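Enquirer: What follows is final_7.tsv, made up of TSV, C-alpha atoms:
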chain	number	residue	atom	x	y	z
V	1	MET	CA	-9.08	18.21	-32.80
V	2	MET	CA	-5.78	16.70	-33.95
V	3	GLN	CA	-4.54	16.96	-30.43
V	4	GLU	CA	-7.52	15.12	-29.00
V	5	ALA	CA	-6.90	12.23	-31.36
V	6	ALA	CA	-3.25	12.20	-30.35
V	7	LEU	CA	-4.15	12.27	-26.69
V	8	PHE	CA	-6.73	9.52	-27.13
V	9	GLU	CA	-4.06	7.28	-28.61
V	10	TYR	CA	-1.63	8.19	-25.86
V	11	ILE	CA	-4.12	7.29	-23.12
V	12	LEU	CA	-5.02	4.05	-24.90
V	13	ARG	CA	-1.38	2.95	-24.77
V	14	LEU	CA	-1.30	3.54	-21.02
V	15	SER	CA	-4.60	1.79	-20.41
V	16	ASP	CA	-3.94	-1.12	-22.79
V	17	ASP	CA	-0.55	-1.75	-21.16
V	18	SER	CA	-2.27	-1.86	-17.76
V	19	LEU	CA	-5.18	-4.02	-18.89
V	20	ILE	CA	-3.18	-6.62	-20.80
V	21	LEU	CA	-0.49	-6.94	-18.14
V	22	GLY	CA	-3.20	-7.12	-15.48
V	23	GLN	CA	-4.88	-9.91	-17.44
V	24	ARG	CA	-1.58	-11.77	-17.77
V	25	LEU	CA	-0.86	-11.47	-14.05
V	26	GLY	CA	-4.38	-12.65	-13.27
V	27	GLU	CA	-3.46	-15.98	-14.88
V	28	TRP	CA	-1.24	-16.60	-11.85
V	29	CYS	CA	-4.24	-16.58	-9.52
V	30	GLY	CA	-4.14	-19.90	-7.67
V	31	HIS	CA	-0.85	-20.87	-9.37
V	32	GLY	CA	1.73	-18.74	-7.52
V	33	PRO	CA	4.90	-20.53	-6.42
V	34	ILE	CA	4.14	-19.60	-2.80
V	35	LEU	CA	1.01	-18.19	-1.21
V	36	GLU	CA	2.55	-14.75	-0.60
V	37	GLU	CA	3.43	-14.42	-4.28
V	38	ASP	CA	0.04	-15.61	-5.42
V	39	ILE	CA	-1.42	-12.78	-3.36
V	40	ALA	CA	1.20	-10.22	-4.39
V	41	ILE	CA	0.83	-10.87	-8.12
V	42	THR	CA	-2.95	-10.73	-8.06
V	43	ASN	CA	-2.84	-7.54	-5.96
V	44	ILE	CA	-0.64	-5.95	-8.60
V	45	ALA	CA	-3.04	-7.18	-11.29
V	46	LEU	CA	-5.87	-5.50	-9.41
V	47	ASP	CA	-4.01	-2.19	-9.21
V	48	LEU	CA	-3.28	-2.33	-12.94
V	49	ILE	CA	-6.87	-3.09	-13.90
V	50	GLY	CA	-8.05	-0.32	-11.58
V	51	GLN	CA	-5.70	2.10	-13.30
V	52	ALA	CA	-6.97	0.89	-16.67
V	53	ILE	CA	-10.56	1.71	-15.67
V	54	SER	CA	-9.67	5.31	-14.79
V	55	LEU	CA	-7.66	5.66	-18.00
V	56	TYR	CA	-10.40	4.19	-20.24
V	57	ASP	CA	-12.96	6.48	-18.61
V	58	PHE	CA	-10.80	9.45	-19.53
V	59	ALA	CA	-10.12	8.09	-23.03
V	60	ALA	CA	-13.88	7.66	-23.54
V	61	THR	CA	-14.55	11.31	-22.68
V	62	LEU	CA	-11.76	12.41	-25.05
V	63	GLU	CA	-13.24	10.33	-27.83
V	64	GLY	CA	-16.75	11.59	-27.23
V	65	GLN	CA	-18.41	8.67	-29.04
V	66	GLY	CA	-20.40	7.55	-26.03
V	67	ARG	CA	-18.31	4.44	-25.41
V	68	ASN	CA	-17.69	3.42	-21.80
V	69	HIS	CA	-14.67	1.75	-20.21
V	70	ASP	CA	-16.05	-1.76	-20.72
V	71	GLN	CA	-16.59	-1.16	-24.41
V	72	LEU	CA	-13.06	0.15	-24.81
V	73	ALA	CA	-11.60	-2.72	-22.83
V	74	TYR	CA	-13.64	-5.57	-24.26
V	75	LEU	CA	-15.07	-4.65	-27.64
V	76	ARG	CA	-12.18	-3.52	-29.79
V	77	TYR	CA	-10.40	-5.56	-32.45
V	78	GLU	CA	-6.85	-6.71	-31.94
V	79	ASN	CA	-5.30	-4.07	-34.17
V	80	GLU	CA	-6.99	-1.34	-32.11
V	81	TYR	CA	-5.06	-2.30	-28.96
V	82	LYS	CA	-1.94	-0.19	-28.52
V	83	ASN	CA	-0.18	-2.05	-25.71
V	84	ALA	CA	3.52	-2.80	-26.02
V	85	LEU	CA	4.50	-6.32	-27.08
V	86	LEU	CA	6.27	-6.81	-23.75
V	87	VAL	CA	3.11	-6.96	-21.65
V	88	GLU	CA	1.38	-9.57	-23.84
V	89	GLN	CA	4.27	-12.04	-23.64
V	90	PRO	CA	3.35	-15.29	-21.88
V	91	ASN	CA	3.98	-15.66	-18.16
V	92	GLY	CA	6.53	-18.44	-18.67
V	93	ASP	CA	8.16	-19.44	-15.41
V	94	PHE	CA	8.20	-17.22	-12.34
V	95	ALA	CA	11.49	-15.60	-13.45
V	96	MET	CA	9.94	-14.63	-16.79
V	97	THR	CA	6.94	-13.04	-15.06
V	98	ILE	CA	9.14	-11.16	-12.59
V	99	VAL	CA	11.56	-9.86	-15.22
V	100	ARG	CA	8.69	-8.75	-17.47
V	101	GLN	CA	7.17	-6.97	-14.48
V	102	PHE	CA	10.47	-5.37	-13.51
V	103	PHE	CA	11.08	-4.02	-17.02
V	104	PHE	CA	7.55	-2.61	-17.03
V	105	ASP	CA	7.59	-1.14	-13.50
V	106	ALA	CA	10.97	0.53	-14.12
V	107	PHE	CA	9.31	2.26	-17.12
V	108	ARG	CA	5.99	3.07	-15.49
V	109	LEU	CA	7.29	4.67	-12.29
V	110	PRO	CA	9.27	7.53	-13.91
V	111	LEU	CA	6.46	7.92	-16.47
V	112	TRP	CA	3.82	8.44	-13.76
V	113	GLU	CA	6.16	10.79	-11.90
V	114	ALA	CA	6.51	12.91	-15.03
V	115	LEU	CA	2.80	12.75	-15.89
V	116	MET	CA	1.93	14.11	-12.44
V	117	GLN	CA	3.22	17.41	-13.84
V	118	SER	CA	0.94	17.29	-16.88
V	119	PRO	CA	-1.28	20.38	-17.26
V	120	ILE	CA	-4.13	18.00	-18.14
V	121	GLU	CA	-5.92	17.65	-14.83
V	122	GLN	CA	-7.27	14.12	-15.34
V	123	ILE	CA	-3.90	12.72	-16.41
V	124	ALA	CA	-2.16	14.37	-13.46
V	125	ALA	CA	-4.79	12.96	-11.08
V	126	ILE	CA	-4.55	9.41	-12.44
V	127	ALA	CA	-0.75	9.64	-12.32
V	128	ALA	CA	-0.76	10.91	-8.73
V	129	LYS	CA	-2.99	8.01	-7.74
V	130	SER	CA	-1.08	5.36	-9.67
V	131	VAL	CA	2.43	6.45	-8.76
V	132	LYS	CA	1.92	5.37	-5.16
V	133	GLU	CA	0.86	1.89	-6.25
V	134	THR	CA	3.63	1.57	-8.83
V	135	ARG	CA	6.29	2.32	-6.21
V	136	TYR	CA	5.22	-0.83	-4.38
V	137	HIS	CA	5.20	-2.79	-7.64
V	138	LEU	CA	8.76	-1.77	-8.54
V	139	LYS	CA	9.97	-2.49	-5.04
V	140	HIS	CA	8.46	-5.97	-5.24
V	141	SER	CA	9.76	-6.82	-8.71
V	142	SER	CA	13.26	-5.37	-8.04
V	143	GLU	CA	13.61	-7.38	-4.87
V	144	TRP	CA	12.69	-10.56	-6.72
V	145	VAL	CA	15.11	-9.86	-9.58
V	146	VAL	CA	17.90	-9.56	-7.00
V	147	ARG	CA	16.74	-12.60	-5.06
V	148	LEU	CA	16.59	-14.76	-8.20
V	149	GLY	CA	19.77	-13.41	-9.78
V	150	ASP	CA	21.82	-13.60	-6.61
V	151	GLY	CA	20.16	-16.84	-5.49
V	152	THR	CA	20.93	-20.37	-6.62
V	153	GLU	CA	22.58	-21.40	-9.86
V	154	GLU	CA	19.18	-22.47	-11.15
V	155	SER	CA	17.37	-19.25	-10.23
V	156	HIS	CA	20.25	-17.17	-11.65
V	157	GLN	CA	20.11	-19.02	-14.96
V	158	ARG	CA	16.35	-18.70	-15.24
V	159	ALA	CA	16.46	-14.97	-14.47
V	160	GLN	CA	19.23	-14.44	-17.04
V	161	ASP	CA	17.31	-16.44	-19.65
V	162	ALA	CA	14.25	-14.30	-19.02
V	163	ILE	CA	16.26	-11.10	-19.39
V	164	ASP	CA	17.89	-12.32	-22.60
V	165	HIS	CA	14.52	-13.31	-24.02
V	166	LEU	CA	12.51	-10.22	-23.05
V	167	TRP	CA	15.23	-7.68	-23.83
V	168	ARG	CA	14.11	-7.44	-27.47
V	169	TYR	CA	10.71	-6.08	-26.38
V	170	THR	CA	11.99	-3.32	-24.08
V	171	ASN	CA	12.92	-0.77	-26.70
V	172	GLU	CA	9.31	-0.48	-27.81
V	173	LEU	CA	8.33	0.99	-24.43
V	174	PHE	CA	9.95	4.20	-25.67
V	175	TYR	CA	8.24	4.25	-29.07
V	176	GLU	CA	7.04	7.65	-30.25
V	177	ASN	CA	5.39	8.87	-33.43
V	178	ALA	CA	4.25	12.19	-34.93
V	179	HIS	CA	1.31	12.30	-32.51
V	180	ASP	CA	3.69	12.25	-29.57
V	181	HIS	CA	5.73	15.07	-31.03
V	182	SER	CA	2.61	17.25	-31.17
V	183	LEU	CA	1.88	16.40	-27.51
V	184	HIS	CA	5.46	17.28	-26.49
V	185	ALA	CA	5.30	20.54	-28.41
V	186	ALA	CA	2.17	21.45	-26.43
V	187	GLY	CA	3.93	20.50	-23.18
V	188	LEU	CA	1.27	17.92	-22.30
V	189	VAL	CA	3.37	14.77	-21.83
V	190	PRO	CA	7.07	14.09	-21.21
V	191	LYS	CA	9.52	13.02	-23.89
V	192	LEU	CA	10.19	9.33	-23.51
V	193	GLU	CA	13.94	9.77	-23.94
V	194	ILE	CA	13.92	11.24	-20.42
V	195	ILE	CA	12.04	8.20	-19.14
V	196	GLN	CA	14.37	5.90	-21.05
V	197	ALA	CA	17.45	7.38	-19.36
V	198	LYS	CA	15.88	6.65	-15.96
V	199	TRP	CA	14.86	3.17	-17.06
V	200	ASN	CA	18.41	2.42	-18.23
V	201	GLN	CA	19.79	3.50	-14.89
V	202	THR	CA	17.32	1.44	-12.81
V	203	VAL	CA	17.88	-1.65	-14.95
V	204	LYS	CA	21.66	-1.25	-14.82
V	205	ASP	CA	21.69	-0.82	-11.03
V	206	ILE	CA	19.32	-3.68	-10.21
V	207	LEU	CA	20.89	-6.15	-12.63
V	208	ALA	CA	24.33	-5.32	-11.22
V	209	GLU	CA	23.08	-5.94	-7.70
V	210	ALA	CA	21.50	-9.18	-8.90
V	211	THR	CA	24.78	-10.32	-10.53
V	212	LEU	CA	22.90	-10.52	-13.84
V	213	SER	CA	24.13	-9.20	-17.18
V	214	VAL	CA	22.61	-6.63	-19.46
V	215	PRO	CA	22.33	-8.41	-22.84
V	216	ALA	CA	24.86	-7.38	-25.46
V	217	HIS	CA	22.47	-7.96	-28.37
V	218	ASN	CA	20.26	-5.19	-29.54
V	219	TRP	CA	17.44	-6.90	-31.41
V	220	LYS	CA	14.34	-4.82	-31.40
V	221	PHE	CA	10.83	-6.13	-31.78
V	222	GLU	CA	8.15	-3.53	-32.28
V	223	GLY	CA	4.58	-3.32	-33.49
V	224	GLY	CA	2.25	-3.30	-30.49
V	225	ARG	CA	2.11	0.49	-30.30
V	226	GLU	CA	0.85	0.46	-33.90
V	227	GLY	CA	-1.62	-2.36	-33.32
V	228	ARG	CA	0.54	-5.15	-34.78
V	229	HIS	CA	0.72	-7.79	-32.10
V	230	SER	CA	2.43	-11.09	-31.48
V	231	GLU	CA	0.48	-14.33	-31.87
V	232	HIS	CA	-0.17	-14.34	-28.11
V	233	MET	CA	-2.51	-11.37	-28.24
V	234	GLY	CA	-5.37	-13.20	-29.93
V	235	TYR	CA	-5.46	-15.83	-27.19
V	236	ILE	CA	-5.52	-13.15	-24.50
V	237	LEU	CA	-8.37	-11.33	-26.22
V	238	SER	CA	-10.44	-14.47	-26.67
V	239	ASP	CA	-10.31	-14.99	-22.90
V	240	LEU	CA	-10.71	-11.34	-22.07
V	241	GLN	CA	-13.56	-10.62	-24.46
V	242	TYR	CA	-15.50	-13.85	-24.16
V	243	MET	CA	-18.19	-12.57	-21.79
V	244	GLN	CA	-18.86	-9.30	-23.62
V	245	ARG	CA	-18.97	-11.06	-26.99
V	246	ALA	CA	-21.22	-13.86	-25.74
V	247	TYR	CA	-23.51	-11.56	-23.72
V	248	PRO	CA	-23.26	-8.11	-25.31
V	249	ASN	CA	-23.48	-5.17	-22.87
V	250	MET	CA	-23.68	-7.44	-19.85
V	251	GLU	CA	-22.92	-5.84	-16.48
V	252	TRP	CA	-22.57	-7.11	-12.98
L	1	MET	CA	-34.47	19.49	5.52
L	2	VAL	CA	-31.36	17.41	5.99
L	3	ASN	CA	-27.95	19.09	5.76
L	4	ALA	CA	-24.47	17.93	4.74
L	5	ASP	CA	-23.27	17.43	8.32
L	6	GLN	CA	-26.20	15.14	9.05
L	7	ILE	CA	-25.46	13.13	5.93
L	8	ARG	CA	-21.86	12.82	7.03
L	9	SER	CA	-23.02	11.53	10.41
L	10	PHE	CA	-25.23	8.94	8.67
L	11	LEU	CA	-22.20	7.82	6.65
L	12	ALA	CA	-20.39	7.17	9.92
L	13	GLU	CA	-22.73	4.16	10.19
L	14	VAL	CA	-21.50	2.60	6.93
L	15	SER	CA	-18.67	0.13	7.41
L	16	ASP	CA	-15.86	-0.79	5.08
L	17	PRO	CA	-16.90	-4.19	3.65
L	18	GLU	CA	-13.37	-5.60	3.91
L	19	ILE	CA	-12.40	-4.09	7.25
L	20	PRO	CA	-15.82	-3.94	8.94
L	21	VAL	CA	-14.38	-2.44	12.12
L	22	LEU	CA	-13.79	0.81	10.20
L	23	THR	CA	-16.51	3.11	8.96
L	24	ILE	CA	-16.05	4.90	5.67
L	25	THR	CA	-15.63	8.18	7.52
L	26	ASP	CA	-12.89	6.63	9.72
L	27	LEU	CA	-11.21	5.54	6.52
L	28	GLY	CA	-11.26	9.08	5.17
L	29	VAL	CA	-12.72	8.24	1.76
L	30	VAL	CA	-15.70	10.60	2.06
L	31	GLN	CA	-14.87	14.06	0.70
L	32	GLN	CA	-17.29	16.91	-0.06
L	33	ILE	CA	-21.03	16.46	0.38
L	34	TYR	CA	-23.16	19.02	-1.44
L	35	LEU	CA	-26.48	19.67	-3.07
L	36	ASN	CA	-26.52	19.91	-6.85
L	37	ASN	CA	-29.79	20.29	-8.78
L	38	ASP	CA	-31.85	18.73	-6.00
L	39	ALA	CA	-29.50	15.76	-5.63
L	40	TRP	CA	-27.06	15.19	-2.80
L	41	ILE	CA	-23.62	14.47	-4.20
L	42	VAL	CA	-21.28	12.46	-2.00
L	43	GLU	CA	-17.69	12.50	-3.22
L	44	LEU	CA	-15.62	9.35	-2.62
L	45	THR	CA	-11.89	8.85	-3.24
L	46	PRO	CA	-10.72	5.28	-3.86
L	47	THR	CA	-8.02	3.93	-1.56
L	48	TYR	CA	-6.34	1.89	-4.32
L	49	SER	CA	-7.27	2.19	-8.02
L	50	GLY	CA	-8.55	-1.35	-8.21
L	51	CYS	CA	-10.01	-1.64	-4.73
L	52	PRO	CA	-13.06	-3.90	-5.21
L	53	ALA	CA	-14.61	-2.57	-2.00
L	54	MET	CA	-15.40	0.79	-3.60
L	55	GLN	CA	-18.42	-0.53	-5.51
L	56	GLN	CA	-19.80	-2.22	-2.41
L	57	ILE	CA	-19.22	0.96	-0.42
L	58	GLU	CA	-21.29	2.89	-2.96
L	59	VAL	CA	-24.15	0.37	-2.72
L	60	ASP	CA	-24.05	0.33	1.09
L	61	LEU	CA	-23.84	4.11	1.29
L	62	LEU	CA	-26.88	4.69	-0.92
L	63	ALA	CA	-28.81	2.02	0.99
L	64	LYS	CA	-27.98	3.71	4.30
L	65	LEU	CA	-29.13	7.10	3.03
L	66	LYS	CA	-32.37	5.59	1.72
L	67	GLU	CA	-32.94	4.05	5.11
L	68	LYS	CA	-32.60	7.59	6.53
L	69	GLY	CA	-35.17	8.85	4.04
L	70	ILE	CA	-32.73	10.39	1.56
L	71	HIS	CA	-33.57	9.12	-1.90
L	72	ASN	CA	-31.89	11.75	-4.01
L	73	ALA	CA	-28.22	10.96	-3.31
L	74	LYS	CA	-25.54	10.16	-5.87
L	75	VAL	CA	-21.94	9.07	-5.48
L	76	LYS	CA	-19.23	10.84	-7.40
L	77	HIS	CA	-15.82	9.14	-7.55
L	78	ILE	CA	-12.94	11.58	-7.54
L	79	LEU	CA	-9.24	10.85	-7.94
L	80	SER	CA	-7.71	14.13	-6.93
L	81	PRO	CA	-6.39	14.78	-4.38
L	82	ALA	CA	-5.29	11.16	-4.13
L	83	TRP	CA	-6.26	9.35	-0.96
L	84	THR	CA	-3.52	8.90	1.62
L	85	THR	CA	-3.41	6.85	4.80
L	86	ASP	CA	-2.97	10.19	6.63
L	87	TRP	CA	-6.73	10.57	6.22
L	88	ILE	CA	-7.52	7.60	8.45
L	89	SER	CA	-8.85	9.14	11.66
L	90	GLU	CA	-7.18	8.70	15.06
L	91	GLU	CA	-10.25	6.77	16.16
L	92	GLY	CA	-9.93	4.60	13.06
L	93	ARG	CA	-6.29	3.81	13.92
L	94	GLN	CA	-7.32	2.78	17.40
L	95	LYS	CA	-10.07	0.55	16.02
L	96	LEU	CA	-7.64	-1.12	13.61
L	97	ARG	CA	-5.22	-1.90	16.45
L	98	MET	CA	-8.01	-3.40	18.57
L	99	TYR	CA	-9.08	-5.48	15.58
L	100	GLY	CA	-5.56	-6.91	15.16
L	101	ILE	CA	-4.43	-4.84	12.18
L	102	ALA	CA	-1.40	-2.59	12.68
L	103	PRO	CA	-2.31	0.94	11.54
L	104	PRO	CA	-0.01	2.78	9.11
L	105	VAL	CA	3.06	4.25	10.77
L	106	ASN	CA	3.45	7.75	9.50
L	107	GLU	CA	6.62	7.27	7.54
L	108	PRO	CA	6.64	6.48	3.86
L	109	ASP	CA	8.61	3.38	2.96
L	110	LYS	CA	12.23	4.18	2.32
L	111	GLY	CA	14.16	3.58	-0.93
L	112	VAL	CA	13.08	1.15	-3.54
L	113	LEU	CA	15.41	-1.77	-3.09
L	114	PHE	CA	15.46	-3.95	-0.01
L	115	ALA	CA	14.49	-1.10	2.22
L	116	ASP	CA	13.50	-2.71	5.47
L	117	GLY	CA	9.80	-2.37	6.01
L	118	PRO	CA	8.90	0.35	8.51
L	119	LYS	CA	9.05	-0.51	12.20
L	120	VAL	CA	5.56	-1.70	12.97
L	121	ALA	CA	4.32	-2.52	16.46
L	122	CYS	CA	2.62	-5.89	16.92
L	123	PRO	CA	-1.10	-5.23	17.54
L	124	LYS	CA	-1.17	-8.13	20.00
L	125	CYS	CA	1.88	-7.69	22.28
L	126	THR	CA	2.95	-4.16	21.12
L	127	SER	CA	6.56	-5.26	20.54
L	128	LYS	CA	8.34	-3.45	17.71
L	129	ASP	CA	10.44	-6.52	17.03
L	130	THR	CA	8.46	-7.56	13.97
L	131	ARG	CA	9.30	-8.47	10.39
L	132	MET	CA	7.64	-8.04	7.05
L	133	VAL	CA	6.67	-11.38	5.49
L	134	SER	CA	5.26	-9.96	2.27
L	135	LEU	CA	4.67	-6.51	0.85
L	136	PHE	CA	1.20	-7.61	-0.27
L	137	GLY	CA	-1.40	-8.91	2.16
L	138	SER	CA	-5.01	-9.98	2.24
L	139	THR	CA	-6.23	-6.81	0.50
L	140	ALA	CA	-4.56	-4.22	-1.73
L	141	CYS	CA	-4.05	-1.87	1.21
L	142	LYS	CA	-2.27	-4.29	3.54
L	143	ALA	CA	1.13	-5.97	3.96
L	144	HIS	CA	1.76	-9.20	5.82
L	145	TYR	CA	3.88	-9.07	9.00
L	146	GLN	CA	4.87	-11.37	11.82
L	147	CYS	CA	5.88	-10.58	15.40
L	148	ASN	CA	9.26	-12.03	16.40
L	149	VAL	CA	8.34	-11.96	20.08
L	150	CYS	CA	4.84	-13.44	20.37
L	151	LEU	CA	4.93	-14.94	16.83
L	152	GLU	CA	1.52	-13.45	15.98
L	153	PRO	CA	1.06	-13.13	12.20
L	154	PHE	CA	-0.76	-9.89	11.43
L	155	ASP	CA	-1.82	-7.48	8.71
L	156	TYR	CA	-0.21	-4.06	8.47
L	157	PHE	CA	-2.18	-1.26	6.84
L	158	LYS	CA	0.45	0.03	4.38
L	159	CYS	CA	1.41	3.67	4.51
L	160	LEU	CA	0.28	5.34	1.28
L	161	LYS	CA	1.50	8.88	0.74
Translate the structure of the given file into structure tokens.
Expert:
Amino acid sequence: MMQEAALFEYILRLSDDSLILGQRLGEWCGHGPILEEDIAITNIALDLIGQAISLYDFAATLEGQGRNHDQLAYLRYENEYKNALLVEQPNGDFAMTIVRQFFFDAFRLPLWEALMQSPIEQIAAIAAKSVKETRYHLKHSSEWVVRLGDGTEESHQRAQDAIDHLWRYTNELFYENAHDHSLHAAGLVPKLEIIQAKWNQTVKDILAEATLSVPAHNWKFEGGREGRHSEHMGYILSDLQYMQRAYPNMEW
Amino acid sequence: MVNADQIRSFLAEVSDPEIPVLTITDLGVVQQIYLNNDAWIVELTPTYSGCPAMQQIEVDLLAKLKEKGIHNAKVKHILSPAWTTDWISEEGRQKLRMYGIAPPVNEPDKGVLFADGPKVACPKCTSKDTRMVSLFGSTACKAHYQCNVCLEPFDYFKCLK
């Protein structure tokens, strides 16, 4: 029973990260700097929201309260969302969006690769599906980090500013609590320190190639994983939840 | 009484809503078809997690089976094993080419960073002197390419393995 609650929370983090980042990326629809990027960013948003649906479906069966994926996505209160603060940060300029995406993709890819080995069939299946999509996402965001960093003076500065600003939110991706320890002990999910080592390596390599610097400061902002969000979250939820709140249980 | 093979042959008349030249059996998304408690279960695997065509495919599929007199069918979405472009039939690949979409070449994309896209033949002039314009194209499953020889811009059905 304990373990189911722990697993429910674990799956919510995965699905909330996907949903909120997907929602953020969706804001670029019709506003991309070039047509190809408008299409790329919204395609990635679509993959993330698709992954969120599979994850919420699984979370709903774990919870066993008869909620469906729409109810989990659209009818919870802010403090019940367990996404990392990173994914709710505003889009900013294109560099900010790309760096946020790169930090996230570099975390998600090794996480999916590890979760493919999970003895929990549904998690392994969702991971096996998602890993293929996430490879394309990381390729896209890495290429843009290099192109911006090793581009013009202006693009370099904007990319570096984005890195310096978002760096404080990256540590939280590797947040773990007592629930996670029980899941590790049962061999159900990987320890995030293994994922963090891979993340560090990817970030180091790509930033070096991009002639960008890894920030020296080590400020850490946390709270999202425990349901304490930045001021931006409320605005996202008011957009995201509007239809379900205005027309309860609507479907199309 | 209808059997699973007949149902599969009926499904070969249902087209992909976004790439209408392909049927859903060409695409390889139809898995097991079996009878369960007097209902025919048709298993579908999504191409991409968020592919919006999947819902339309389900609607079209059930409508087609009704048209054939089968009213007790249900769709079951399954994730495992994950769909791969290897499941697109040879006939499907041929149809894509004729339609102007380059079918997936059977090599997964190399490394993560700045790997050149795979060598894709232009569906119009067949030259392999082509370049990737964008990793993401008009739908989740496609990338955007251009031919350096005849200048034709075209969609490439990305290899997913």
Enquirer: Using only C-alpha atoms, which residues sit within 12 Å of Leu22 of chain L once same-chain residues fewer than 2 positions away are excluded, as a PDB file with C-alpha atoms, in the frame of the given file?
Expert:
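Output saved as around_22.pdb:
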ATOM      1  CA  LEU L  11     -22.200   7.820   6.650  1.00  0.00           C
ATOM      2  CA  ALA L  12     -20.390   7.170   9.920  1.00  0.00           C
ATOM      3  CA  GLU L  13     -22.730   4.160  10.190  1.00  0.00           C
ATOM      4  CA  VAL L  14     -21.500   2.600   6.930  1.00  0.00           C
ATOM      5  CA  SER L  15     -18.670   0.130   7.410  1.00  0.00           C
ATOM      6  CA  ASP L  16     -15.860  -0.790   5.080  1.00  0.00           C
ATOM      7  CA  PRO L  17     -16.900  -4.190   3.650  1.00  0.00           C
ATOM      8  CA  GLU L  18     -13.370  -5.600   3.910  1.00  0.00           C
ATOM      9  CA  ILE L  19     -12.400  -4.090   7.250  1.00  0.00           C
ATOM     10  CA  PRO L  20     -15.820  -3.940   8.940  1.00  0.00           C
ATOM     11  CA  ILE L  24     -16.050   4.900   5.670  1.00  0.00           C
ATOM     12  CA  THR L  25     -15.630   8.180   7.520  1.00  0.00           C
ATOM     13  CA  ASP L  26     -12.890   6.630   9.720  1.00  0.00           C
ATOM     14  CA  LEU L  27     -11.210   5.540   6.520  1.00  0.00           C
ATOM     15  CA  GLY L  28     -11.260   9.080   5.170  1.00  0.00           C
ATOM     16  CA  VAL L  29     -12.720   8.240   1.760  1.00  0.00           C
ATOM     17  CA  ILE L  57     -19.220   0.960  -0.420  1.00  0.00           C
ATOM     18  CA  ILE L  88      -7.520   7.600   8.450  1.00  0.00           C
ATOM     19  CA  SER L  89      -8.850   9.140  11.660  1.00  0.00           C
ATOM     20  CA  GLU L  90      -7.180   8.700  15.060  1.00  0.00           C
ATOM     21  CA  GLU L  91     -10.250   6.770  16.160  1.00  0.00           C
ATOM     22  CA  GLY L  92      -9.930   4.600  13.060  1.00  0.00           C
ATOM     23  CA  ARG L  93      -6.290   3.810  13.920  1.00  0.00           C
ATOM     24  CA  GLN L  94      -7.320   2.780  17.400  1.00  0.00           C
ATOM     25  CA  LYS L  95     -10.070   0.550  16.020  1.00  0.00           C
ATOM     26  CA  LEU L  96      -7.640  -1.120  13.610  1.00  0.00           C
ATOM     27  CA  ARG L  97      -5.220  -1.900  16.450  1.00  0.00           C
ATOM     28  CA  MET L  98      -8.010  -3.400  18.570  1.00  0.00           C
ATOM     29  CA  TYR L  99      -9.080  -5.480  15.580  1.00  0.00           C
ATOM     30  CA  ILE L 101      -4.430  -4.840  12.180  1.00  0.00           C
ATOM     31  CA  PRO L 103      -2.310   0.940  11.540  1.00  0.00           C
TER      32      PRO L 103
END
Enquirer: Report, in Å to a single decimal, how far apart atom CA of Lys82 of chain V and atom CA of Phe58 of chain V are.
Expert: 15.9 Å
Enquirer: Could you check which of L:Ile78, L:Cys122, L:Cys150, L:Ala143 is closest to Glu43 of chain L, using all atoms listed in the file?
Expert: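 Result for the nearest residue to Glu43 of chain L: L:Ile78.
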Enquirer: Using all atoms listed in the file and a distance of at most 7 Å, pull out the residues of chain V that contact chain L, as a PyMOL selection string.
Expert: chain V and resi 36+39-40+43+46-47+49-51+125-126+128-129+132+139+142-143
Enquirer: Hey, can you check how far atom CA of Val149 of chain L sits from atom CA of Lys119 of chain L?
Expert: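 Computing it gives 13.9 Å between the two atoms.
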Enquirer: Could you tell me how far atom CA of Tyr247 of chain V lies from atom CA of Asp16 of chain V, in Å and to one decimal?
Expert: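 Answer for the atom CA of Tyr247 of chain V to atom CA of Asp16 of chain V separation: 22.2 Å.
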Enquirer: Which one is closest to Lys191 of chain V: V:Lys220, V:Leu111, V:Asp164, V:Pro119? Count only C-alpha atoms.
Expert: V:Leu111
Enquirer: Residues proximal to (-0.6, -9.1, -17.9) were defined as those with any atom within 9 Å of that point in the file's coordinates, counting only C-alpha atoms. Which are they, as a list in words?
Expert: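 Checking each residue against the 9 Å limit leaves Asp17, Ser18, Leu19, Ile20, Leu21, Gly22, Gln23, Arg24, Leu25, Gly26, Glu27, Ala45, Leu48, Val87, Glu88, Gln89, Pro90, Asn91, Thr97 and Gln101 of chain V.
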Enquirer: Of the residues V:Asn218, V:Thr211, V:Gln244, V:Gln65, which is the one nearest to Gln160 of chain V, using only C-alpha atoms?
Expert: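 Of all the options, V:Thr211 lies closest to Gln160 of chain V.
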Enquirer: Which residues, written as a ChimeraX atom specification, have at least one atom at most 12 Å from segment 173-183 of chain V, with only C-alpha atoms counted and residues fewer than 2 positions away on the same chain left out?
Expert: /V:1-11,13-14,17,82-87,100,103-108,111,118-120,167-171,185-200,220-226
Enquirer: Around all the atoms of segment 133-147 of chain V listed in the file, with 4 Å of room on each side, what axis-aligned box do you get, giving centre and edge lengths in Å to one decimal, as AutoDock Vina command-line options?
Expert:
--center_x 9.4 --center_y -5.1 --center_z -7.0 --size_x 25.0 --size_y 22.9 --size_z 13.2
Enquirer: Which is closest to Ser230 of chain V among V:Gln122, V:Ser130, V:Thr152, V:Asn79, if we use all atoms listed in the file?
Expert: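 Using all atoms listed in the file, the shortest distance to Ser230 of chain V belongs to V:Asn79.
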Enquirer: Could you check which of V:Glu80, V:His184, V:Glu63, V:Thr42 is closest to His137 of chain V, using only C-alpha atoms?
Expert: V:Thr42
Enquirer: Within 12 Å of (-26.9, 12.5, 6.6) (file coordinates; only C-alpha atoms), which protein or nucleic acid residues are there? I'd like them as a VMD selection string.
Expert: chain L and resid 1 to 14 33 to 34 40 to 42 61 to 62 64 to 73
